[in-house]
2 protein chains.
Amino acid sequence: MEEKGKVTIREVAKRAGVSITTVSRVLNGHDIEHMRPETKARVLAAIAELDYVPVRVAQRLRRQKTQVIAVLLPDISNPFFSLLARGVGSVAFEAGYSTLICDSNHSVEKESRYLDILLAEQVEGVVFIPVGQPMMDKVDRLLRRGISIVVADRRVNGLPSVEADNKAGSYQLTEYLLHRGYGRIAYIAGPREVSTARDRLVGFRAAMADANLEPMAVLYGNFTYESGYENARTILQKHVGVDAIMAANDLMAIGAIRAGEDLGLSVPMDVGMTGFDHISLLEFVEPQLTTVHIPAYQMGQEAMKLFLKRAEKGASVEQENQVLETKLIYGKSC
Amino acid sequence: MEEKGKVTIREVAKRAGVSITTVSRVLNGHDIEHMRPETKARVLAAIAELDYVPVRVAQRLRRQKTQVIAVLLPDISNPFFSLLARGVGSVAFEAGYSTLICDSNHSVEKESRYLDILLAEQVEGVVFIPVGQPMMDKVDRLLRRGISIVVADRRVNGLPSVEADNKAGSYQLTEYLLHRGYGRIAYIAGPREVSTARDRLVGFRAAMADANLEPMAVLYGNFTYESGYENARTILQKHVGVDAIMAANDLMAIGAIRAGEDLGLSVPMDVGMTGFDHISLLEFVEPQLTTVHIPAYQMGQEAMKLFLKRAEKGASVEQENQVLETKLIYGKSC
DNA sequence: TTGAAAGCGCTAACAG
DNA sequence: CTGTTAGCGCTTTCAA
């Protein structure tokens with residue numbers, strides 16, 4: 001803690017009276033057993049005295065690996081995604097990786113710009129939650145350069161992924177709703193281009209078909225509160241006799257609840273409602289929503305683990321699509 | 001797009017039939033006006049054909065600047081912080097900086113570990129939202145190495161900062177409450193070691209004093225929903241005659257509302273409530289909370305701008321503490 | 001058990 | 001107008 005300017009491995013070596021090679025070795029715990037303990041001690045002392053910290057950038061250039069992974073997601077201020085990012089970060093941290101979070105702000109264009117940046121940044125991998133269908137040329141470009149990509153919360157053709165079992169979860173939820181005696185059900189789906197949304201719809205349709213029922217209506221929203229509100233309004237005004245509305249995520253379900261209230265309907269008395277995701281703000285919403293828990297944090301962890309696994313096994317492990325279990329959450333909304 | 005392995009500036013030079021210097025120059029737009037257009041064209045062509053992307057790590061090592069700034073915050077899944085981080089990121093992105101988000105998970109120890117990491121990462125600056133009172137030795141270590149630190153949403157002795165005018169906002173809010181006819185007010189404060197919480201309390205006390213009133217009670221929470229719930233419960237049970245509860249943030253206010261409900265009290269009929277922050281989930285809470293808007297996104301932007309300003313003006317601009325205006329949000333909770 | 005030296009990919013004097 | 005060259009700070013053969 002004496003020098004003013006940058007302290008490099010050079011000064012440490014000088015101070016310890018050894019070569020920089022030796023310093024490097026103790027830094028990386030290399031030949032450390034074949035080293036005279038006294039030498040090691042001297043180096044350690046010098047490091048401490050000078051408060052030396054190895055410059056990561058130089059290590060990266062030399063080692064030709066950055067130990068950086070990126071999380072590319074649509075919106076970091078969405079608690080679902082940030083929880084997922086946290087999951088990635090926790091595993092990454094333990095494994096000595098730094099995490100770069102890139103927020104595409106729901107813009108395909110920005111997403112694609114980030115893909116370019118990540119290429120230049122030489123990240124080793126990216127946990128990717130695409131806005132919609134990602135630009136496969138960009139993706140291929142990264143892959144060709146040896147950057148592995150793991151898709152989270154979605155499926156993309158040809159890429160490994162980690163997602164929840166949306167189909168099963170949706171089936172189960174629908175089944176529960178039917179058990180409760182509802183049967184004239186309308187569905188507010190998510191965007192067609194998002195696999196997650198499609199799966200939930202498929203699960204819903206399957207459960208209905210298995211009960212010999214027809215949906216009263218299927219409308220498409222975009223996962224926002226507003227689109228839930230608007231679509232629910234439409235449903236409740238046009239389709240008389242609807243006794244329940246299922247939304248493909250919680251945010252839309254909350255919108256639907258408010259729409260119902262604004263039309264003077266009470267949930268669940270007049271109409272049942274369900275969501276999907278189990279986001280934490282449900283805690284604050286009345287009535288308590290019946291929904292399906294998606295393990296966002298765990299999903300992030302698994303995505304990172306998947307990357308780690310591929311990294312050590314050599315690039316081409318057989319393509320893997322991991323599916324996490326969901327859990328039905330019983331509320332008071334149906 | 002022909003080569004398989006890494007393509008470096010060397011191959012580009014070879015392909016274009018020029019020296020690597022020339023390639024570097026067109027890359028950085030340097031002597032570009034003094035360059036024969038044809039040469040430039042050849043280089044550009046080679047870059048395109050080879051799909052060459054400069055390796056950031058090498059640039060950083062050579063330039064001795066990383067163009068990376070970090071945001072060190074307590075919890076990325078808290079929408080307030082992630083919004084702030086987004087603000088930082090937006091300005092950083094425009095300025096050509098990459099953003100590293102570090103989540104200290106409310107742990108002073110992890111925060112301190114991150115400070116070490118950021119040192120090694122050679123980030124150029126950090127936007128810092130400390131968990132409590134930060135470890136000043138670590139902080140000094142970064143400063144000594146030329147890494148500038150801007151504190152956000154808080155004040156720390158000796159560091160530049162950007163925060164909201166919590167005192168004024170709190171004063172104004174209290175004043176409004178008094179105007180509405182409330183007067184027997186209890187206050188749920190935030191942690192004593194957080195300047196933001198202290199300022200809000202001070203503003204509250206000042207407004208009360210100016211109205212010749214005494215608080216019915218002042219309890220301390222930790223900014224969580226649960227602590228709001230518990231403290232409100234205590235207040236409502238012990239201090240009969242309280243006609244309003246002010247909480248130092250929205251989350252605690254929501255907890256207070258629920259506590260009131262659970263005790264059979266209606267808001268605002270039986271007891272008024274106020275929050276602070278204007279977090280987005282208030283949209284989903286009944287009754288609509290009266291609160292104070294804190295411009296989180298803008299705060300992030302300003303913090304990054306402050307860093308940029310200091311970066312160009314040379315390190316030692318006089319220390320600056322920027323204060324952003326707040327805005328009263330009228331709800332139905334009082 | 002330790003050191004000398006090459007070089008990761010790039011930029012910036014300094015020369016022509 | 002363009003090229004030669006010397007590193008940035010570190011790791012890693014290869015030799016001793």
# chains A, B, ... in the order shown; residues from 1 in each chain; ligands from 1
>>> select_by_dssp(residues="range 54-301 of chain B", states="helix (DSSP H, G or I)", output="short mmCIF file (atom, residue, chain, number, x, y, z; two decimals) with N, CA and C atoms, in the first residue's frame")
data_model
loop_
_atom_site.label_atom_id
_atom_site.label_comp_id
_atom_site.auth_asym_id
_atom_site.auth_seq_id
_atom_site.Cartn_x
_atom_site.Cartn_y
_atom_site.Cartn_z
N ARG B 56 -12.48 -6.54 -27.84
CA ARG B 56 -12.54 -5.50 -26.82
C ARG B 56 -11.44 -5.64 -25.77
N VAL B 57 -11.20 -6.88 -25.40
CA VAL B 57 -10.24 -7.10 -24.32
C VAL B 57 -8.87 -6.55 -24.69
N ALA B 58 -8.47 -6.77 -25.92
CA ALA B 58 -7.17 -6.27 -26.35
C ALA B 58 -7.17 -4.75 -26.39
N GLN B 59 -8.25 -4.19 -26.88
CA GLN B 59 -8.34 -2.73 -26.90
C GLN B 59 -8.21 -2.16 -25.51
N ARG B 60 -8.91 -2.80 -24.60
CA ARG B 60 -8.90 -2.29 -23.24
C ARG B 60 -7.50 -2.33 -22.64
N LEU B 61 -6.82 -3.44 -22.86
CA LEU B 61 -5.49 -3.56 -22.28
C LEU B 61 -4.58 -2.47 -22.85
N ARG B 62 -4.67 -2.33 -24.14
CA ARG B 62 -3.80 -1.36 -24.79
C ARG B 62 -4.17 0.08 -24.40
N ARG B 63 -5.43 0.38 -24.45
CA ARG B 63 -5.87 1.75 -24.17
C ARG B 63 -5.81 2.10 -22.69
N PRO B 79 -37.83 -3.42 -7.93
CA PRO B 79 -38.10 -2.60 -9.11
C PRO B 79 -37.52 -1.19 -9.01
N PHE B 80 -37.46 -0.67 -7.81
CA PHE B 80 -36.89 0.66 -7.66
C PHE B 80 -35.43 0.67 -8.11
N PHE B 81 -34.68 -0.29 -7.64
CA PHE B 81 -33.26 -0.36 -7.99
C PHE B 81 -33.05 -0.73 -9.45
N SER B 82 -33.87 -1.64 -9.95
CA SER B 82 -33.63 -2.05 -11.32
C SER B 82 -33.99 -0.92 -12.28
N LEU B 83 -34.94 -0.12 -11.89
CA LEU B 83 -35.27 1.04 -12.71
C LEU B 83 -34.10 2.01 -12.71
N LEU B 84 -33.55 2.19 -11.54
CA LEU B 84 -32.37 3.06 -11.42
C LEU B 84 -31.23 2.51 -12.30
N ALA B 85 -31.02 1.22 -12.21
CA ALA B 85 -29.97 0.59 -13.00
C ALA B 85 -30.21 0.80 -14.50
N ARG B 86 -31.46 0.71 -14.87
CA ARG B 86 -31.81 0.95 -16.26
C ARG B 86 -31.43 2.36 -16.69
N GLY B 87 -31.68 3.30 -15.80
CA GLY B 87 -31.33 4.69 -16.09
C GLY B 87 -29.83 4.83 -16.31
N VAL B 88 -29.06 4.24 -15.45
CA VAL B 88 -27.61 4.25 -15.61
C VAL B 88 -27.24 3.64 -16.96
N GLY B 89 -27.80 2.47 -17.20
CA GLY B 89 -27.49 1.75 -18.42
C GLY B 89 -27.80 2.54 -19.68
N SER B 90 -28.91 3.26 -19.67
CA SER B 90 -29.29 3.97 -20.88
C SER B 90 -28.26 5.04 -21.24
N VAL B 91 -27.84 5.79 -20.25
CA VAL B 91 -26.84 6.84 -20.51
C VAL B 91 -25.49 6.21 -20.84
N ALA B 92 -25.16 5.17 -20.11
CA ALA B 92 -23.88 4.50 -20.32
C ALA B 92 -23.79 3.97 -21.75
N PHE B 93 -24.84 3.34 -22.17
CA PHE B 93 -24.89 2.74 -23.50
C PHE B 93 -24.61 3.79 -24.57
N GLU B 94 -25.27 4.93 -24.44
CA GLU B 94 -25.08 6.01 -25.41
C GLU B 94 -23.63 6.49 -25.43
N VAL B 108 -23.53 -6.76 3.47
CA VAL B 108 -22.38 -5.87 3.52
C VAL B 108 -21.13 -6.63 3.09
N GLU B 109 -21.09 -7.89 3.44
CA GLU B 109 -19.92 -8.68 3.11
C GLU B 109 -19.81 -8.88 1.59
N LYS B 110 -20.93 -9.23 0.97
CA LYS B 110 -20.88 -9.42 -0.47
C LYS B 110 -20.57 -8.11 -1.17
N GLU B 111 -21.12 -7.05 -0.64
CA GLU B 111 -20.84 -5.73 -1.20
C GLU B 111 -19.35 -5.46 -1.21
N SER B 112 -18.74 -5.81 -0.11
CA SER B 112 -17.33 -5.54 0.00
C SER B 112 -16.51 -6.44 -0.93
N ARG B 113 -16.97 -7.66 -1.10
CA ARG B 113 -16.29 -8.54 -2.05
C ARG B 113 -16.40 -7.98 -3.46
N TYR B 114 -17.56 -7.44 -3.77
CA TYR B 114 -17.74 -6.86 -5.10
C TYR B 114 -16.83 -5.68 -5.32
N LEU B 115 -16.63 -4.91 -4.28
CA LEU B 115 -15.72 -3.77 -4.40
C LEU B 115 -14.33 -4.26 -4.81
N ASP B 116 -13.91 -5.37 -4.23
CA ASP B 116 -12.62 -5.94 -4.63
C ASP B 116 -12.63 -6.36 -6.09
N ILE B 117 -13.69 -7.04 -6.46
CA ILE B 117 -13.78 -7.51 -7.84
C ILE B 117 -13.74 -6.36 -8.83
N LEU B 118 -14.47 -5.31 -8.49
CA LEU B 118 -14.53 -4.18 -9.41
C LEU B 118 -13.17 -3.52 -9.56
N LEU B 119 -12.40 -3.60 -8.52
CA LEU B 119 -11.04 -3.08 -8.58
C LEU B 119 -10.25 -3.88 -9.61
N ALA B 120 -10.33 -5.18 -9.51
CA ALA B 120 -9.60 -6.04 -10.43
C ALA B 120 -10.14 -5.91 -11.84
N GLU B 121 -11.41 -5.71 -11.95
CA GLU B 121 -12.04 -5.56 -13.26
C GLU B 121 -11.65 -4.25 -13.92
N MET B 136 -15.41 2.13 4.29
CA MET B 136 -14.68 3.22 3.66
C MET B 136 -13.26 2.86 3.24
N ASP B 137 -12.70 1.85 3.88
CA ASP B 137 -11.35 1.47 3.46
C ASP B 137 -11.37 0.89 2.04
N LYS B 138 -12.37 0.06 1.79
CA LYS B 138 -12.51 -0.48 0.44
C LYS B 138 -12.75 0.64 -0.56
N VAL B 139 -13.64 1.53 -0.17
CA VAL B 139 -13.97 2.64 -1.05
C VAL B 139 -12.72 3.46 -1.38
N ASP B 140 -11.96 3.76 -0.36
CA ASP B 140 -10.75 4.55 -0.57
C ASP B 140 -9.78 3.84 -1.50
N ARG B 141 -9.76 2.55 -1.36
CA ARG B 141 -8.87 1.76 -2.19
C ARG B 141 -9.19 1.98 -3.67
N LEU B 142 -10.47 1.94 -3.98
CA LEU B 142 -10.87 2.19 -5.37
C LEU B 142 -10.51 3.61 -5.79
N LEU B 143 -10.83 4.55 -4.94
CA LEU B 143 -10.57 5.94 -5.28
C LEU B 143 -9.09 6.17 -5.55
N ARG B 144 -8.27 5.57 -4.69
CA ARG B 144 -6.84 5.72 -4.84
C ARG B 144 -6.36 5.19 -6.19
N ASN B 166 -35.56 14.06 -0.26
CA ASN B 166 -36.43 13.30 0.63
C ASN B 166 -37.02 14.16 1.75
N LYS B 167 -36.22 15.05 2.21
CA LYS B 167 -36.66 15.88 3.31
C LYS B 167 -37.85 16.74 2.87
N ALA B 168 -37.65 17.43 1.76
CA ALA B 168 -38.72 18.30 1.26
C ALA B 168 -39.96 17.49 0.91
N GLY B 169 -39.74 16.36 0.26
CA GLY B 169 -40.87 15.53 -0.13
C GLY B 169 -41.66 15.07 1.08
N SER B 170 -40.94 14.71 2.10
CA SER B 170 -41.59 14.22 3.31
C SER B 170 -42.34 15.36 4.01
N TYR B 171 -41.71 16.51 4.01
CA TYR B 171 -42.34 17.68 4.62
C TYR B 171 -43.68 17.98 3.93
N GLN B 172 -43.59 18.00 2.62
CA GLN B 172 -44.75 18.32 1.80
C GLN B 172 -45.88 17.31 2.02
N LEU B 173 -45.50 16.06 2.07
CA LEU B 173 -46.49 15.01 2.27
C LEU B 173 -47.17 15.16 3.62
N THR B 174 -46.37 15.42 4.63
CA THR B 174 -46.91 15.58 5.97
C THR B 174 -47.88 16.76 6.03
N GLU B 175 -47.43 17.82 5.41
CA GLU B 175 -48.24 19.03 5.34
C GLU B 175 -49.60 18.72 4.73
N TYR B 176 -49.59 17.99 3.65
CA TYR B 176 -50.82 17.61 2.96
C TYR B 176 -51.74 16.83 3.89
N LEU B 177 -51.14 15.91 4.61
CA LEU B 177 -51.90 15.08 5.53
C LEU B 177 -52.58 15.96 6.59
N LEU B 178 -51.83 16.92 7.08
CA LEU B 178 -52.38 17.83 8.10
C LEU B 178 -53.53 18.66 7.52
N HIS B 179 -53.31 19.13 6.31
CA HIS B 179 -54.36 19.86 5.59
C HIS B 179 -55.65 19.05 5.53
N SER B 195 -29.33 7.18 4.96
CA SER B 195 -29.57 8.62 4.96
C SER B 195 -30.95 8.96 4.42
N THR B 196 -31.37 8.21 3.42
CA THR B 196 -32.68 8.43 2.83
C THR B 196 -33.78 8.33 3.89
N ALA B 197 -33.67 7.32 4.70
CA ALA B 197 -34.68 7.11 5.75
C ALA B 197 -34.61 8.23 6.78
N ARG B 198 -33.42 8.61 7.14
CA ARG B 198 -33.27 9.68 8.12
C ARG B 198 -33.87 10.98 7.60
N ASP B 199 -33.59 11.29 6.35
CA ASP B 199 -34.10 12.54 5.78
C ASP B 199 -35.62 12.58 5.78
N ARG B 200 -36.21 11.47 5.47
CA ARG B 200 -37.68 11.44 5.44
C ARG B 200 -38.24 11.68 6.84
N LEU B 201 -37.60 11.08 7.79
CA LEU B 201 -38.04 11.28 9.17
C LEU B 201 -37.88 12.74 9.58
N VAL B 202 -36.76 13.31 9.20
CA VAL B 202 -36.50 14.71 9.53
C VAL B 202 -37.58 15.61 8.91
N GLY B 203 -37.90 15.35 7.64
CA GLY B 203 -38.92 16.15 6.98
C GLY B 203 -40.26 16.05 7.70
N PHE B 204 -40.57 14.85 8.09
CA PHE B 204 -41.82 14.61 8.83
C PHE B 204 -41.83 15.40 10.14
N ARG B 205 -40.77 15.26 10.89
CA ARG B 205 -40.70 15.93 12.19
C ARG B 205 -40.78 17.45 12.02
N ALA B 206 -40.13 17.95 11.00
CA ALA B 206 -40.14 19.39 10.78
C ALA B 206 -41.56 19.89 10.52
N ALA B 207 -42.27 19.18 9.66
CA ALA B 207 -43.63 19.61 9.34
C ALA B 207 -44.53 19.54 10.57
N MET B 208 -44.34 18.53 11.36
CA MET B 208 -45.13 18.40 12.58
C MET B 208 -44.81 19.55 13.54
N ALA B 209 -43.54 19.79 13.71
CA ALA B 209 -43.13 20.86 14.61
C ALA B 209 -43.70 22.20 14.15
N ASP B 210 -43.63 22.43 12.84
CA ASP B 210 -44.13 23.69 12.32
C ASP B 210 -45.64 23.83 12.54
N TYR B 225 -42.20 -5.09 3.42
CA TYR B 225 -43.63 -5.26 3.63
C TYR B 225 -43.92 -5.76 5.05
N GLU B 226 -43.18 -6.78 5.43
CA GLU B 226 -43.42 -7.40 6.74
C GLU B 226 -43.22 -6.40 7.88
N SER B 227 -42.15 -5.63 7.79
CA SER B 227 -41.89 -4.71 8.89
C SER B 227 -42.96 -3.63 8.95
N GLY B 228 -43.53 -3.30 7.79
CA GLY B 228 -44.63 -2.34 7.79
C GLY B 228 -45.85 -2.93 8.48
N TYR B 229 -46.11 -4.17 8.15
CA TYR B 229 -47.26 -4.86 8.73
C TYR B 229 -47.15 -4.93 10.25
N GLU B 230 -46.02 -5.40 10.71
CA GLU B 230 -45.83 -5.58 12.15
C GLU B 230 -45.89 -4.27 12.91
N ASN B 231 -45.18 -3.29 12.40
CA ASN B 231 -45.15 -2.01 13.09
C ASN B 231 -46.53 -1.35 13.12
N ALA B 232 -47.24 -1.45 12.03
CA ALA B 232 -48.57 -0.85 11.98
C ALA B 232 -49.49 -1.54 12.99
N ARG B 233 -49.36 -2.81 13.07
CA ARG B 233 -50.16 -3.58 14.02
C ARG B 233 -49.90 -3.11 15.45
N THR B 234 -48.65 -3.00 15.75
CA THR B 234 -48.26 -2.49 17.06
C THR B 234 -48.88 -1.12 17.33
N ILE B 235 -48.72 -0.26 16.38
CA ILE B 235 -49.23 1.11 16.53
C ILE B 235 -50.73 1.10 16.77
N LEU B 236 -51.43 0.36 15.93
CA LEU B 236 -52.89 0.42 15.99
C LEU B 236 -53.42 -0.22 17.27
N GLN B 237 -52.66 -1.15 17.79
CA GLN B 237 -53.13 -1.80 19.02
C GLN B 237 -52.78 -1.00 20.27
N LYS B 238 -51.60 -0.39 20.25
CA LYS B 238 -51.14 0.30 21.45
C LYS B 238 -51.61 1.75 21.53
N ASP B 250 -43.21 2.79 0.32
CA ASP B 250 -44.48 2.22 -0.11
C ASP B 250 -44.68 0.81 0.41
N LEU B 251 -43.63 0.03 0.35
CA LEU B 251 -43.76 -1.37 0.76
C LEU B 251 -44.26 -1.47 2.20
N MET B 252 -43.68 -0.67 3.07
CA MET B 252 -44.14 -0.69 4.46
C MET B 252 -45.56 -0.14 4.55
N ALA B 253 -45.87 0.82 3.71
CA ALA B 253 -47.23 1.38 3.73
C ALA B 253 -48.26 0.32 3.33
N ILE B 254 -47.90 -0.48 2.36
CA ILE B 254 -48.81 -1.54 1.95
C ILE B 254 -49.01 -2.53 3.09
N GLY B 255 -47.91 -2.84 3.75
CA GLY B 255 -48.01 -3.70 4.92
C GLY B 255 -48.92 -3.09 5.97
N ALA B 256 -48.81 -1.79 6.13
CA ALA B 256 -49.63 -1.10 7.13
C ALA B 256 -51.12 -1.17 6.76
N ILE B 257 -51.38 -1.01 5.48
CA ILE B 257 -52.78 -1.09 5.03
C ILE B 257 -53.37 -2.45 5.36
N ARG B 258 -52.59 -3.49 5.06
CA ARG B 258 -53.07 -4.85 5.33
C ARG B 258 -53.28 -5.07 6.84
N ALA B 259 -52.36 -4.53 7.60
CA ALA B 259 -52.50 -4.67 9.06
C ALA B 259 -53.79 -4.01 9.52
N GLY B 260 -54.05 -2.83 8.97
CA GLY B 260 -55.28 -2.13 9.32
C GLY B 260 -56.50 -2.98 8.97
N GLU B 261 -56.51 -3.49 7.77
CA GLU B 261 -57.62 -4.33 7.33
C GLU B 261 -57.82 -5.52 8.27
N ASP B 262 -56.69 -6.15 8.60
CA ASP B 262 -56.77 -7.34 9.45
C ASP B 262 -57.31 -7.01 10.83
N SER B 280 -44.07 1.04 -8.92
CA SER B 280 -45.07 0.77 -9.95
C SER B 280 -46.14 -0.20 -9.48
N LEU B 281 -45.83 -1.02 -8.49
CA LEU B 281 -46.86 -1.98 -8.12
C LEU B 281 -48.02 -1.33 -7.38
N LEU B 282 -47.90 -0.08 -7.05
CA LEU B 282 -49.01 0.61 -6.39
C LEU B 282 -50.25 0.59 -7.27
N GLU B 283 -49.99 0.55 -8.56
CA GLU B 283 -51.06 0.44 -9.54
C GLU B 283 -52.05 -0.67 -9.16
N PHE B 284 -51.52 -1.69 -8.51
CA PHE B 284 -52.34 -2.87 -8.23
C PHE B 284 -52.86 -2.91 -6.81
N ALA B 296 -36.59 7.34 -9.98
CA ALA B 296 -35.51 6.35 -9.93
C ALA B 296 -34.73 6.30 -11.25
N TYR B 297 -35.44 6.22 -12.34
CA TYR B 297 -34.78 6.12 -13.64
C TYR B 297 -33.91 7.34 -13.89
N GLN B 298 -34.50 8.49 -13.63
CA GLN B 298 -33.77 9.74 -13.81
C GLN B 298 -32.55 9.80 -12.88
N MET B 299 -32.73 9.28 -11.71
CA MET B 299 -31.63 9.28 -10.75
C MET B 299 -30.45 8.48 -11.30
N GLY B 300 -30.77 7.34 -11.90
CA GLY B 300 -29.73 6.55 -12.54
C GLY B 300 -29.06 7.32 -13.65
N GLN B 301 -29.86 7.96 -14.46
CA GLN B 301 -29.31 8.74 -15.57
C GLN B 301 -28.38 9.83 -15.06
#
>>> closest_atom_pairs(of="chain D", to="chain A", cutoff="8 Å", atoms="only C-alpha atoms (C1' of nucleotides)", output="JSON lines")
{"residue": "D:DC8", "atom": "C1'", "partner": "A:Ala58", "partner_atom": "CA", "distance": 8.0}
{"residue": "D:DG9", "atom": "C1'", "partner": "A:Ala58", "partner_atom": "CA", "distance": 5.0}
{"residue": "D:DC10", "atom": "C1'", "partner": "A:Ala58", "partner_atom": "CA", "distance": 5.3}
{"residue": "D:DT11", "atom": "C1'", "partner": "A:Arg62", "partner_atom": "CA", "distance": 6.3}
>>> residues_around(residues="Gly275 in chain A", least_positions_apart="3", cutoff="7 Å", atoms="only C-alpha atoms (C1' of nucleotides)", output="CSV table (one decimal) with N, CA, C and O atoms, in the first residue's frame")
chain,number,residue,atom,x,y,z
A,246,MET,N,-59.2,-17.1,-17.9
A,246,MET,CA,-57.9,-17.5,-17.6
A,246,MET,C,-56.9,-16.6,-18.4
A,246,MET,O,-57.1,-16.4,-19.6
A,247,ALA,N,-55.9,-16.1,-17.8
A,247,ALA,CA,-55.0,-15.2,-18.5
A,247,ALA,C,-53.6,-16.0,-18.5
A,247,ALA,O,-53.3,-16.7,-17.6
A,248,ALA,N,-52.9,-15.7,-19.5
A,248,ALA,CA,-51.6,-16.5,-19.7
A,248,ALA,C,-50.5,-16.0,-18.8
A,248,ALA,O,-49.4,-16.6,-18.8
A,249,ASN,N,-50.7,-14.9,-18.1
A,249,ASN,CA,-49.8,-14.5,-17.1
A,249,ASN,C,-50.5,-13.7,-16.0
A,249,ASN,O,-51.6,-13.2,-16.2
A,250,ASP,N,-49.8,-13.5,-14.9
A,250,ASP,CA,-50.4,-12.8,-13.8
A,250,ASP,C,-50.8,-11.3,-14.1
A,250,ASP,O,-51.8,-10.8,-13.7
A,253,ALA,N,-53.8,-11.1,-15.8
A,253,ALA,CA,-54.9,-11.6,-14.9
A,253,ALA,C,-55.3,-10.4,-14.0
A,253,ALA,O,-56.5,-10.2,-13.7
A,289,LEU,N,-54.8,-14.4,-6.1
A,289,LEU,CA,-55.0,-15.0,-7.4
A,289,LEU,C,-54.6,-16.5,-7.4
A,289,LEU,O,-53.5,-16.9,-6.9
A,290,THR,N,-55.4,-17.3,-8.0
A,290,THR,CA,-55.0,-18.7,-8.3
A,290,THR,C,-54.1,-18.7,-9.5
A,290,THR,O,-54.4,-18.1,-10.5
A,291,THR,N,-52.9,-19.3,-9.3
A,291,THR,CA,-51.9,-19.2,-10.4
A,291,THR,C,-51.0,-20.4,-10.4
A,291,THR,O,-51.2,-21.3,-9.7
>>> closest_residue(among="A:Glu214, A:Glu286, A:Glu38, A:Glu11", to="chain B", atoms="only C-alpha atoms")
A:Glu286
>>> closest_atom_pairs(of="chain C", to="chain B", cutoff="9 Å", atoms="only C-alpha atoms (C1' of nucleotides)", output="tab-separated table")
residue	atom	partner	partner_atom	distance
C:DC8	C1'	B:Ala58	CA	8.0
C:DG9	C1'	B:Ala58	CA	5.1
C:DC10	C1'	B:Ala58	CA	5.3
C:DT11	C1'	B:Arg62	CA	6.3
>>> atom_distance(atom1="CA of Ala70 in chain B", atom2="CA of Gln122 in chain B")
10.1 Å
>>> residues_around(residues="DA15 in chain D", least_positions_apart="6", cutoff="12 Å", atoms="only C-alpha atoms (C1' of nucleotides)", output="number ranges by chain")
C: 2-5
>>> write_last_selection(atoms="N, CA and C atoms (P, O5', C5', C4', C3', O3' and C1' of nucleotides)", output="compact mmCIF listing (two decimals), in the first residue's frame")
# COMPACT_ATOMS: atom_id res chain seq x y z
P DT C 2 11.70 -21.63 -5.62
O5' DT C 2 12.25 -21.31 -7.04
C5' DT C 2 13.39 -20.48 -7.17
C4' DT C 2 13.66 -20.24 -8.62
C3' DT C 2 12.95 -19.04 -9.21
O3' DT C 2 13.89 -18.00 -9.29
C1' DT C 2 13.10 -20.87 -10.74
P DG C 3 13.42 -16.56 -9.76
O5' DG C 3 13.79 -16.56 -11.31
C5' DG C 3 15.03 -17.13 -11.67
C4' DG C 3 15.24 -17.05 -13.16
C3' DG C 3 14.69 -15.80 -13.84
O3' DG C 3 15.62 -15.42 -14.85
C1' DG C 3 13.72 -17.71 -14.82
P DA C 4 15.59 -14.00 -15.54
O5' DA C 4 15.89 -14.35 -17.06
C5' DA C 4 16.21 -15.68 -17.45
C4' DA C 4 16.11 -15.81 -18.97
C3' DA C 4 15.84 -14.51 -19.73
O3' DA C 4 16.36 -14.68 -21.04
C1' DA C 4 13.93 -15.87 -19.82
P DA C 5 16.13 -13.56 -22.17
O5' DA C 5 14.79 -14.09 -22.87
C5' DA C 5 14.70 -15.47 -23.24
C4' DA C 5 13.43 -15.69 -24.06
C3' DA C 5 13.04 -14.49 -24.93
O3' DA C 5 12.42 -15.03 -26.09
C1' DA C 5 11.30 -14.94 -23.44
>>> atom_distance(atom1="CA of Glu312 in chain B", atom2="CA of Gln67 in chain B")
13.0 Å
>>> residues_around(residues="DC1 in chain D", least_positions_apart="2", cutoff="7 Å", atoms="only C-alpha atoms (C1' of nucleotides)", output="ChimeraX atom specification")
/B:34-36
>>> select_by_dssp(residues="range 62-263 of chain B", states="strand (DSSP E or B)", output="ChimeraX atom specification")
/B:68-73,98-103,125-128,148-152,161-164,185-189,217-220,244-247
>>> residues_around(residues="Ala244 in chain A", least_positions_apart="6", cutoff="9 Å", atoms="only C-alpha atoms (C1' of nucleotides)", output="ChimeraX atom specification")
/A:177,182-187,268,270-274,334
>>> closest_residue(among="B:Asn222, B:Ser77, B:Ser98, B:Gln319", to="chain A", atoms="only C-alpha atoms")
B:Ser77
>>> closest_residue(among="B:Met269, B:Val323, B:Val68, B:Leu44", to="chain A", atoms="only C-alpha atoms")
B:Val68
